[in-house]
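Below is one structure, written out as structure tokens, with a few remarks after it.
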Amino acid sequence: MQVAVVGAGVIGVCTAYFLAEAGHEVVVIERRNNVAEEASFGDSGILAPSSIAPWAAPGVPKAFFSHLFKAESPLFFNRALDPALWSWVRRWVKESDLARYQVNRERMQRIAFYSSDIMQQLRDRHQLDYEQAAGYLQLFRSERDLQLAKPGFDFLAAQGIRHDLPDADALHAIEPALNTNTPLAGSLHLPADESGNCPLFTRQIRQLAQAMGVEFHFGCDVKSIRQIARGVDIRIDDYSFSADKIVLASGADSAKLLARMGLNLPVYPVKSYSATATIRNFESAPIASVVDEAYKVAITRMGNRIRLAGTAEFGARSSELRQSALNTLLKVGYDWFPDACNYNTASFWSGSSLMMPDGPPLLGATSVRNVYVNLGHGSTGWAMAAGSGKVLADIVSGRATDIDLDGLTATRFS
Ligand SMILES: Cc1cc2nc3c(=O)[nH]c(=O)nc-3n(C[C@H](O)[C@H](O)[C@H](O)COP(=O)(O)OP(=O)(O)OC[C@H]3O[C@@H](n4cnc5c(N)ncnc54)[C@H](O)[C@@H]3O)c2cc1C
């Protein structure tokens with residue numbers, strides 16, 4: 001069967017790999033000139049299925065809105081008058097009670113833990129090295145941040161997920177260079193989680209996919225998709241071609257393509273920022289990945305560099321770099337690992353991920369025949385990419401999936 005995949009981010013490339021492995025003829029269509037050039041490029045590098053949780057959590061909307069007018073706010077609204085934004089926010093707030101949080105978190109973790117197993121298999125089979133490091137640490141500056149995280153701790157305990165709340169000595173053993181002068185109310189350590197370099201991983205999977213015959217067409221912007229008798233007709237600028245089936249893995253910009261096919265799904269793009277700096281003092285640098293929960297900024301070691309990433313900006317339409325968002329990244333870097341880098345020499349980047357209001361992604365068939373989606377992974381897409389790619393390949397091939405897809409498909413919005 002001929003299958004087209006739109007988008008060569010980590011999600012599209014993993015999908016193509018597993019479709020090829022299932023024996024299909026696969027074409028990836030990408031408007032950029034390489035793989036992992038958008039959200040997958042600026043990814044913070046955290047692969048943390050244990051801590052994956054929806055943004056819609058008890059107390060979080062109130063805490064987010066209370067930050068809104070502060071310069072260092074992790075949340076920013078750009079198009080306050082966009083009705084699609086407010087419709088998304090309404091759904092998000094509705095999903096924030098404890099019962100919905102638990103349902104949504106279980107759904108996200110189901111695909112994330114599955115993905116972790118598939119990653120492990122890929123790593124073992126192909127000896128992948130994507131600058132991975134073991135362990136993941138969350139830092140809570142205040143009692144209020146700790147209280148907000150409490151449902152998450154309870155969830156980890158109820159699920160039997162390995163975690164600990166390290167005291168000062170244990171924290172020092174985990175991240176010896178962490179600055180003890182910055183106020184800290186508590187921390188959470190997830191030893192089974194890991195971090196790495198998402199673009200590097202995506203480029204390696206691309207090579208493996210190409211070796212299985214996947215064709216990559218770069219510089220091709222898909223304008224529309226139309227059903228035809230034998231499958232789908234895909235229009236790219238002034239020409240079109242057909243395939244039996246198509247998988248949309250087109251990330252943040254997918255709303256227009258979906259709407260043109262009459263698919264009305266509550267997706268919304270959220271912009272984030274990253275700063276990447278070369279390490280100058282290795283003994284002062286993090287070993288793995290640390291997240292400052294007050295500012296929602298991740299600090300991740302990627303080989304000889306450190307990446308700082310964070311901020312959720314709703315309604316941004318350009319890749320313009322907002323100075324106050326960059327200042328927040330740098331502040332968090334200097335607060336926790338002040339001597340690791342000269343952060344002011346960092347290269348800055350911004351990009352968007354597609355978010356669902358409840359949290360879990362959209363995997364599988366749509367109401368348009370032969371059109372499938374692998375979208376809406378939000379801020380934890382890399383941690384779900386390998387598993388989502390495998391699930392899509394199974395569905396497109398008409399095979400049973402290894403995991404239950406309840407709550408992970410578009411039918412939850414129908
Ligand atoms: C700053 C930042 C930090 C993050 N940190 C983490 C993290 O630590 N851990 C984690 O798990 N996740 C993280 N994420 C989320 C994760 O990076 C994303 O969920 C993931 O990269 C999404 O992959 P994707 O392939 O769907 O999207 P993308 O990488 O954006 O790829 C989509 C591709 O589709 C192409 N495309 C779109 N429309 C068309 C079209 N019409 N025609 C042709 N091509 C098209 C785009 O050019 C793009 O290359 C982070 C995201 C950001 C922005």
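For the structure tokens, the naming scheme is as follows: chains receive sequential letters (A, B, ...) according to their order of presentation, residues are indexed from 1 within each chain, and ligands are indexed from 1 in presentation order.
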
Who sits within 9 Å of Glu320 in chain A, only C-alpha atoms, same chain under 2 positions skipped, as a compact mmCIF listing (two decimals) with C-alpha atoms, in the first residue's frame:
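Ended up saving to around-v9.txt:
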# COMPACT_ATOMS: atom_id res chain seq x y z
CA ALA A 316 1.41 33.63 18.60
CA ARG A 317 1.53 33.52 14.81
CA SER A 318 5.22 34.29 14.19
CA ARG A 322 9.96 37.86 22.83
CA TRP A 349 14.85 29.71 19.07
CA SER A 350 11.05 29.63 19.19

Can you pull out every residue within 7 Å of range 206-214 of chain A, counting only C-alpha atoms, but drop anything in the same chain fewer than 4 positions away, and send it as a ChimeraX atom specification? /A:13,16-17,20,25-27,202

Neighbouring residues of ligand 1 are defined here as those with any atom at most 7 Å from a ligand atom, counting only C-alpha atoms and all ligand atoms; list them as a PyMOL selection string. chain A and resi 6-12+29-32+35-47+220-223+249-254+257+271-274+309-310+350-353+375+377-384

Min atom-atom distance to Glu293 in chain A from the set A:Arg280, A:Arg141, A:Arg110, A:Lys390, counting only C-alpha atoms, belongs to A:Arg141

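Those residues that approach Val93 in chain A to within 12 Å, counting only C-alpha atoms, are Pro54, Trp55, Ala56, Ala57, Pro58, Gly59, Val60, Pro61, Lys62, Ala63, Phe64, Phe65, Trp86, Ser87, Trp88, Leu98, Arg100, Tyr101, Pro357, Asp358 and Gly359 of chain A; same-chain residues fewer than 5 positions away are not listed.
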
Include C-alpha atoms and write out the residues we just selected as a compact mmCIF listing (two decimals), in the first residue's frame.
# COMPACT_ATOMS: atom_id res chain seq x y z
CA PRO A 54 -1.95 17.09 31.30
CA TRP A 55 -1.68 20.86 31.72
CA ALA A 56 -5.32 20.65 32.78
CA ALA A 57 -4.76 19.83 36.45
CA PRO A 58 -6.47 20.89 39.69
CA GLY A 59 -5.52 24.47 40.64
CA VAL A 60 -3.41 25.00 37.51
CA PRO A 61 -5.73 27.33 35.54
CA LYS A 62 -5.99 29.61 38.61
CA ALA A 63 -2.22 29.58 39.12
CA PHE A 64 -1.62 30.24 35.40
CA PHE A 65 -4.04 33.17 35.30
CA TRP A 86 -11.16 30.92 24.22
CA SER A 87 -13.09 27.86 23.12
CA TRP A 88 -9.87 25.84 23.75
CA LEU A 98 -9.23 15.89 39.84
CA ARG A 100 -10.66 14.38 34.65
CA TYR A 101 -6.97 14.94 35.48
CA PRO A 357 -7.23 20.82 25.83
CA ASP A 358 -7.46 17.53 27.73
CA GLY A 359 -3.81 16.49 27.15

Residues of range 265-362 of chain A at most 8 Å from range 118-139 of chain A: nearest atom pair and distance in Å, only C-alpha atoms, as CSV:
residue,atom,partner,partner_atom,distance
A:Ile287,CA,A:Ala133,CA,7.3
A:Ala288,CA,A:Ala133,CA,5.4
A:Ser289,CA,A:Tyr136,CA,5.2
A:Val290,CA,A:Leu137,CA,4.7
A:Val291,CA,A:Gln138,CA,4.8
A:Asp292,CA,A:Leu139,CA,5.0
A:Glu293,CA,A:Leu139,CA,5.8
A:Met302,CA,A:Glu131,CA,6.0
A:Gly303,CA,A:Glu131,CA,5.7

Take the residues just selected and output them with N, CA and C atoms as a PDB file, in the first residue's frame.
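Result went into again04.pdb, see below:
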ATOM      1  N   ILE A 287      23.774  17.029  35.098  1.00  0.00           N
ATOM      2  CA  ILE A 287      24.121  15.714  34.558  1.00  0.00           C
ATOM      3  C   ILE A 287      23.041  15.260  33.586  1.00  0.00           C
ATOM      4  N   ALA A 288      21.777  15.516  33.957  1.00  0.00           N
ATOM      5  CA  ALA A 288      20.660  15.086  33.092  1.00  0.00           C
ATOM      6  C   ALA A 288      19.705  16.259  32.906  1.00  0.00           C
ATOM      7  N   SER A 289      18.449  16.100  33.304  1.00  0.00           N
ATOM      8  CA  SER A 289      17.461  17.145  33.056  1.00  0.00           C
ATOM      9  C   SER A 289      16.769  17.569  34.340  1.00  0.00           C
ATOM     10  N   VAL A 290      16.584  18.885  34.465  1.00  0.00           N
ATOM     11  CA  VAL A 290      15.987  19.476  35.661  1.00  0.00           C
ATOM     12  C   VAL A 290      14.882  20.411  35.188  1.00  0.00           C
ATOM     13  N   VAL A 291      13.715  20.392  35.839  1.00  0.00           N
ATOM     14  CA  VAL A 291      12.671  21.358  35.471  1.00  0.00           C
ATOM     15  C   VAL A 291      12.339  22.227  36.674  1.00  0.00           C
ATOM     16  N   ASP A 292      12.373  23.544  36.457  1.00  0.00           N
ATOM     17  CA  ASP A 292      11.966  24.497  37.484  1.00  0.00           C
ATOM     18  C   ASP A 292      10.457  24.671  37.319  1.00  0.00           C
ATOM     19  N   GLU A 293       9.696  24.125  38.266  1.00  0.00           N
ATOM     20  CA  GLU A 293       8.239  24.092  38.128  1.00  0.00           C
ATOM     21  C   GLU A 293       7.602  25.474  38.277  1.00  0.00           C
ATOM     22  N   MET A 302      22.799  18.324  26.909  1.00  0.00           N
ATOM     23  CA  MET A 302      22.825  17.611  25.620  1.00  0.00           C
ATOM     24  C   MET A 302      24.276  17.561  25.175  1.00  0.00           C
ATOM     25  N   GLY A 303      24.981  16.519  25.558  1.00  0.00           N
ATOM     26  CA  GLY A 303      26.402  16.414  25.222  1.00  0.00           C
ATOM     27  C   GLY A 303      27.173  17.552  25.859  1.00  0.00           C
TER      28      GLY A 303
END

Between CA of Asp404 in chain A and CA of Ile52 in chain A, what distance in Å does the model show, to one decimal? 17.9 Å

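The closest residue to Phe337 in chain A, picked from A:Phe282, A:Phe155, A:Phe216, A:Phe140 and counting only C-alpha atoms, is A:Phe282.
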
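Note that CA of Leu156 in chain A and CA of Ser50 in chain A are 7.4 Å apart.
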
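With CA of Arg230 in chain A on one side and CA of Glu215 in chain A on the other, the separation reads 20.8 Å.
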
So that I can check the secondary structure, give me every residue of range 160-396 of chain A assigned strand (DSSP E) by backbone DSSP, as JSON, numbers by chain. {"A": [186, 187, 188, 189, 190, 191, 192, 193, 194, 195, 215, 216, 217, 222, 223, 224, 225, 226, 227, 228, 231, 232, 233, 234, 235, 236, 239, 240, 241, 242, 243, 245, 246, 247, 248, 268, 269, 270, 271, 272, 273, 274, 275, 276, 277, 278, 289, 290, 291, 292, 297, 298, 299, 300, 301, 302, 305, 306, 307, 308, 309, 310, 311, 312, 313, 314, 347, 348, 349, 350, 351, 352, 353, 354, 355, 362, 363, 364, 365, 371, 372, 373, 374, 375]}

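Among the candidates A:Ala170, A:Ala294, A:Ala22, A:Val232, the residue lying nearest to Ala185 in chain A is A:Ala294 (atoms considered: only C-alpha atoms).
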
Contacts of Met261 in chain A at 10 Å or less, counting only C-alpha atoms, minus same-chain residues fewer than 6 places along, as number ranges by chain? A: 224-227, 367-368, 371

Could you tell me, as a ChimeraX atom specification, which residues of range 54-299 of chain A DSSP assigns to alpha helix (DSSP H) when given the backbone? /A:60-67,83-94,98-126,143-159,168-174,198-211,254-260

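Shortest atom-to-atom contact with Leu146 in chain A among A:Ala158, A:Cys198, A:Ile174, A:Ser187: A:Ser187, counting only C-alpha atoms.
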
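The shortest atom-to-atom distance to Ile161 in chain A, with only C-alpha atoms taken into account, belongs to A:Ala48 out of A:Ile279, A:Ala400, A:Ala48, A:Ala312.
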
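In this comparison, which uses only C-alpha atoms, the residue of A:Leu321, A:Leu148, A:Leu392, A:Ala168 approaching Thr180 in chain A most closely is A:Ala168.
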